[in-house]
Every structure is written in structure tokens, then in C-alpha cells.
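Shown next: start-v4.pdb, given as PDB, C-alpha atoms.
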MODEL        1
ATOM      1  CA  MET A   1     -15.643  11.484   8.221
ATOM      2  CA  PHE A   2     -15.556   7.833   7.179
ATOM      3  CA  LEU A   3     -12.420   8.006   5.031
ATOM      4  CA  GLY A   4     -10.403   9.985   7.549
ATOM      5  CA  ASN A   5     -11.096   7.358  10.190
ATOM      6  CA  TRP A   6     -10.256   4.527   7.784
ATOM      7  CA  PHE A   7      -6.930   5.970   6.673
ATOM      8  CA  PHE A   8      -5.928   6.941  10.214
ATOM      9  CA  THR A   9      -6.718   3.416  11.429
ATOM     10  CA  LEU A  10      -4.868   1.928   8.452
ATOM     11  CA  PHE A  11      -1.844   4.128   9.172
ATOM     12  CA  ILE A  12      -1.718   3.181  12.862
ATOM     13  CA  PHE A  13      -2.254  -0.534  12.124
ATOM     14  CA  ILE A  14       0.501  -0.735   9.496
ATOM     15  CA  LEU A  15       2.855   1.397  11.589
ATOM     16  CA  LEU A  16       2.437  -0.796  14.671
ATOM     17  CA  SER A  17       2.782  -3.903  12.509
ATOM     18  CA  ASN A  18       6.009  -2.588  11.000
ATOM     19  CA  LEU A  19       7.428  -1.485  14.351
ATOM     20  CA  SER A  20       6.664  -4.843  15.958
ATOM     21  CA  GLY A  21       9.937  -6.051  14.435
ATOM     22  CA  LEU A  22      11.703  -4.123  17.195
ATOM     23  CA  ILE A  23      10.383  -6.634  19.731
ATOM     24  CA  PRO A  24      12.956  -9.443  20.013
ATOM     25  CA  GLY A  25      11.806 -12.704  18.467
ATOM     26  CA  MET A  26       8.765 -11.177  16.778
ATOM     27  CA  ARG A  27       8.359 -11.100  13.003
ATOM     28  CA  THR A  28       6.607  -8.138  11.421
ATOM     29  CA  PRO A  29       3.157  -9.142  10.109
ATOM     30  CA  THR A  30       3.698  -7.001   7.007
ATOM     31  CA  ALA A  31       6.608  -9.268   6.013
ATOM     32  CA  ASP A  32       3.911 -11.789   5.075
ATOM     33  CA  TRP A  33       2.231 -11.255   1.710
ATOM     34  CA  SER A  34      -1.195 -12.420   2.894
ATOM     35  CA  MET A  35      -1.333  -9.469   5.318
ATOM     36  CA  THR A  36      -0.350  -6.873   2.746
ATOM     37  CA  VAL A  37      -2.586  -8.250  -0.001
ATOM     38  CA  GLY A  38      -5.509  -8.186   2.431
ATOM     39  CA  LEU A  39      -4.909  -4.520   3.187
ATOM     40  CA  ALA A  40      -4.492  -3.742  -0.505
ATOM     41  CA  LEU A  41      -7.708  -5.584  -1.428
ATOM     42  CA  VAL A  42      -9.703  -3.587   1.107
ATOM     43  CA  THR A  43      -8.285  -0.433  -0.469
ATOM     44  CA  PHE A  44      -9.101  -1.787  -3.951
ATOM     45  CA  PHE A  45     -12.745  -2.426  -3.042
ATOM     46  CA  LEU A  46     -12.921   1.011  -1.413
ATOM     47  CA  ILE A  47     -11.652   2.565  -4.653
ATOM     48  CA  GLN A  48     -14.269   0.725  -6.721
ATOM     49  CA  PHE A  49     -17.113   1.439  -4.284
ATOM     50  CA  LEU A  50     -16.406   5.169  -3.988
ATOM     51  CA  GLY A  51     -15.722   5.516  -7.720
ATOM     52  CA  ILE A  52     -19.142   4.099  -8.537
ATOM     53  CA  ARG A  53     -20.841   5.928  -5.671
ATOM     54  CA  TYR A  54     -19.612   9.412  -6.570
ATOM     55  CA  ARG A  55     -19.110   9.207 -10.338
ATOM     56  CA  LYS A  56     -21.795   6.616 -11.138
ATOM     57  CA  ALA A  57     -21.865   5.719 -14.851
ATOM     58  CA  GLN A  58     -18.938   8.010 -15.647
ATOM     59  CA  TYR A  59     -16.645   5.743 -13.616
ATOM     60  CA  ILE A  60     -17.652   2.720 -15.696
ATOM     61  CA  LYS A  61     -17.476   4.748 -18.913
ATOM     62  CA  ASP A  62     -13.898   5.768 -18.102
ATOM     63  CA  LEU A  63     -12.888   2.098 -18.239
ATOM     64  CA  PHE A  64     -13.639   2.192 -21.976
ATOM     65  CA  ALA A  65     -11.502   5.262 -22.732
ATOM     66  CA  PRO A  66      -7.725   5.736 -22.659
ATOM     67  CA  LEU A  67      -8.159   9.231 -21.243
ATOM     68  CA  PRO A  68     -11.225  10.731 -19.516
ATOM     69  CA  TRP A  69     -11.978  13.177 -22.332
ATOM     70  CA  TRP A  70     -11.866  10.615 -25.165
ATOM     71  CA  CYS A  71     -14.877   8.856 -26.598
ATOM     72  CA  PRO A  72     -15.527   5.306 -25.341
ATOM     73  CA  ILE A  73     -13.692   2.533 -27.196
ATOM     74  CA  PRO A  74     -14.428  -1.072 -26.076
ATOM     75  CA  LEU A  75     -10.874  -2.144 -26.966
ATOM     76  CA  PHE A  76      -9.545  -0.244 -23.945
ATOM     77  CA  LEU A  77     -11.714  -2.080 -21.390
ATOM     78  CA  PRO A  78      -9.290  -5.012 -20.820
ATOM     79  CA  ILE A  79      -6.316  -2.664 -20.594
ATOM     80  CA  ASN A  80      -8.014  -0.416 -18.043
ATOM     81  CA  VAL A  81      -9.284  -3.402 -16.021
ATOM     82  CA  ILE A  82      -5.717  -4.766 -15.856
ATOM     83  CA  GLY A  83      -4.584  -1.301 -14.760
ATOM     84  CA  GLU A  84      -7.183  -1.289 -11.987
ATOM     85  CA  LEU A  85      -6.136  -4.774 -10.845
ATOM     86  CA  ALA A  86      -2.475  -3.742 -10.845
ATOM     87  CA  ARG A  87      -3.077  -1.198  -8.075
ATOM     88  CA  PRO A  88      -3.657  -3.606  -5.183
ATOM     89  CA  ILE A  89      -0.936  -5.914  -6.461
ATOM     90  CA  SER A  90       1.628  -3.117  -6.594
ATOM     91  CA  LEU A  91       0.544  -1.755  -3.195
ATOM     92  CA  SER A  92       0.840  -5.150  -1.551
ATOM     93  CA  PHE A  93       4.150  -6.124  -3.158
ATOM     94  CA  ARG A  94       5.718  -2.760  -2.348
ATOM     95  CA  LEU A  95       4.975  -3.033   1.367
ATOM     96  CA  PHE A  96       5.656  -6.778   1.524
ATOM     97  CA  GLY A  97       8.927  -6.606  -0.403
ATOM     98  CA  ASN A  98      10.416  -3.784   1.581
ATOM     99  CA  MET A  99       9.484  -5.226   4.959
ATOM    100  CA  LEU A 100      10.641  -8.737   4.025
ATOM    101  CA  ALA A 101      13.925  -7.350   2.700
ATOM    102  CA  GLY A 102      14.544  -5.612   6.036
ATOM    103  CA  LEU A 103      13.747  -8.828   7.908
ATOM    104  CA  ILE A 104      16.128 -10.859   5.733
ATOM    105  CA  MET A 105      18.895  -8.262   6.061
ATOM    106  CA  MET A 106      18.585  -8.215   9.849
ATOM    107  CA  SER A 107      18.608 -12.031   9.952
ATOM    108  CA  LEU A 108      21.789 -12.093   7.893
ATOM    109  CA  ILE A 109      23.392  -9.451  10.093
ATOM    110  CA  TYR A 110      22.533 -11.408  13.244
ATOM    111  CA  ALA A 111      24.045 -14.534  11.681
ATOM    112  CA  LEU A 112      27.171 -12.625  10.673
ATOM    113  CA  PHE A 113      28.215 -11.431  14.134
ATOM    114  CA  PRO A 114      29.073 -13.546  17.140
ATOM    115  CA  ILE A 115      26.506 -13.678  19.964
ATOM    116  CA  VAL A 116      28.489 -11.179  22.046
ATOM    117  CA  LEU A 117      28.287  -8.480  19.346
ATOM    118  CA  ASN A 118      24.608  -9.142  18.529
ATOM    119  CA  PHE A 119      23.589  -6.806  21.343
ATOM    120  CA  ILE A 120      25.670  -3.865  20.058
ATOM    121  CA  VAL A 121      26.052  -3.767  16.283
ATOM    122  CA  PRO A 122      22.542  -4.704  14.998
ATOM    123  CA  ALA A 123      20.850  -2.253  17.346
ATOM    124  CA  PHE A 124      21.918   0.626  15.108
ATOM    125  CA  LEU A 125      20.711  -1.191  12.016
ATOM    126  CA  HIS A 126      17.300  -1.803  13.570
ATOM    127  CA  ALA A 127      16.913   1.969  13.601
ATOM    128  CA  TYR A 128      17.040   1.911   9.803
ATOM    129  CA  PHE A 129      15.456  -1.399   8.819
ATOM    130  CA  ASP A 130      12.628  -1.393  11.353
ATOM    131  CA  LEU A 131      12.135   2.183  12.438
ATOM    132  CA  PHE A 132      12.904   4.385   9.433
ATOM    133  CA  SER A 133      11.877   1.923   6.734
ATOM    134  CA  GLY A 134       8.737   0.891   8.654
ATOM    135  CA  VAL A 135       7.537   4.479   9.039
ATOM    136  CA  LEU A 136       8.403   5.307   5.433
ATOM    137  CA  GLN A 137       6.596   2.267   4.014
ATOM    138  CA  THR A 138       3.550   3.032   6.158
ATOM    139  CA  TYR A 139       3.473   6.576   4.824
ATOM    140  CA  ILE A 140       3.869   5.411   1.211
ATOM    141  CA  PHE A 141       1.132   2.746   1.452
ATOM    142  CA  VAL A 142      -1.412   5.093   3.034
ATOM    143  CA  THR A 143      -0.552   8.023   0.757
ATOM    144  CA  LEU A 144      -0.899   5.909  -2.388
ATOM    145  CA  SER A 145      -4.165   4.469  -1.078
ATOM    146  CA  MET A 146      -5.521   7.975  -0.459
ATOM    147  CA  THR A 147      -4.388   9.098  -3.910
ATOM    148  CA  PHE A 148      -6.083   6.155  -5.628
ATOM    149  CA  VAL A 149      -9.319   6.663  -3.673
ATOM    150  CA  ALA A 150      -9.328  10.413  -4.334
ATOM    151  CA  GLY A 151      -8.722   9.831  -8.053
ATOM    152  CA  ALA A 152     -11.575   7.340  -8.302
ATOM    153  CA  ALA A 153     -14.046   9.474  -6.352
ATOM    154  CA  ALA A 154     -13.107  12.808  -7.929
ATOM    155  CA  VAL A 155     -16.072  14.532  -9.471
ATOM    156  CA  ALA A 156     -15.234  16.975 -12.248
ATOM    157  CA  GLU A 157     -15.927  20.591 -11.365
ATOM    158  CA  GLU A 158     -18.576  22.110 -13.559
ATOM    159  CA  SER A 159     -18.060  25.754 -14.477
TER     160      SER A 159
ENDMDL
END

Encoded form using C-alpha cells:
Amino acid sequence: MFLGNWFFTLFIFILLSNLSGLIPGMRTPTADWSMTVGLALVTFFLIQFLGIRYRKAQYIKDLFAPLPWWCPIPLFLPINVIGELARPISLSFRLFGNMLAGLIMMSLIYALFPIVLNFIVPAFLHAYFDLFSGVLQTYIFVTLSMTFVAGAAAVAEES
């Protein structure tokens, strides 16, 4: 299926990008906001495309209502559009902020210790900042992306 391949590829790409910080002298690409906003924008356009494809006019109508079962009110359109635009921004800043924070912390730790201890002490911290945090942030980004796409493309069951 198309979406399974996309999310698997996204997961592997972000994971390898996050783990590239383990290579000495290499900066993680996800510590740059342009990388994370690009990934989030692709997810945003996927949400919009699949929402319109599967729910058609109902997806547009839901932008005019505070809740799906309410009648359309034009006043809610700007609020719901801002809510839709907040998704890629929050996705990108979450991944970017956490990966940049790990990079800054490791840089400060390397500057704190003398060169002799840089081979011993920071190695344990790389396990947290690059390995654990990188895997966790990958999981969170992909899971939130899947949740947003599933919510947009969900068709109400008719009984």
C-alpha cells in the first residue's frame, strides 16, 4: 500500500538522519529546521490530499464547524485553517528542537572535558542524546504523521 511504504521510508530516513550524529564530526540533518519543515510539509500536503480524496466535500465542510456534528458556521473557518497550519509547524519544531538540543548538549559536554576524557565520558551520553532520543523522536514524528493522516482520511461508518 502507498501509505505503508511512505511511512516506512519516512521512519527509516529520519532514523538514519538522527543516528548520523554518532559518526564523529557529522551533524544530524534533523538538527536543521529546513529539513524538518520539509518533511512536515510533505506530511501536511498528504493530509490535505487524502482528506479531500476520501471525504470529498465533507472534509471542506468540517473546516466551517467546530466539531464534525455541528452545522457549518463561516466564523470557524479561520480558526480551523490556523489549526491545520499548526500541524506541520508543531511537527517540524518538535523534531528540530529535540535534535538541536541534543547536539548543543553534546557540544557543551565536549567543551567541558579535556581532550583526554572526550573519548570516555561523552560516549555514554551519546547513547542517550543520539541513540535513545533519535529513535524516540523518529517514532513520535511518524506516529503523529500517521495519526493526522488517518484522522483526515477517516470516513464515518454508516450503520

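Using the PyMOL selection byres ((chain A and resi 33-49) around 7) on this structure selects Pro29, Thr30, Ala31, Asp32, Leu50, Gly51, Ile52, Arg53, Pro88, Leu91, Ser92, Leu95, Phe96, Ser145, Phe148, Val149 and Ala152 of chain A.
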
- Query: Could you write out as a PyMOL selection string the residues that the PyMOL selection byres ((chain A and resi 134-136) around 12) matches in the shown file?
  - Reply: chain A and resi 11-22+28-31+94-103+126-133+137-143

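We find CA of Val121 (chain A) and CA of Pro24 (chain A) to be spaced 14.8 Å apart.
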
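A straight line drawn from CA of Met106 (chain A) to CA of Pro122 (chain A) is 7.4 Å long.
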
- Query: Got a sec: who's within 6 Å of region 73-87 of chain A, counting only C-alpha atoms, leaving out chain neighbours fewer than 4 positions off, as number ranges by chain?
  - Reply: A: 63-65

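The space separating CA of Tyr110 (chain A) from CA of Ala123 (chain A) comes to 10.2 Å.
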
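The nearest approach to Gly151 (chain A) among the residues A:Phe2, A:Val116, A:Thr9, A:Arg55, with all atoms listed in the file taken into account, belongs to A:Arg55.
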
Can you tell me, as lines of an AutoDock Vina configuration file, the centre and edge lengths (Å, one decimal) of the axis-aligned box enclosing all of region 116-124 of chain A's listed atoms after padding each side by 6 Å?
center_x = 24.7
center_y = -5.3
center_z = 18.5
size_x = 19.6
size_y = 23.8
size_z = 19.0
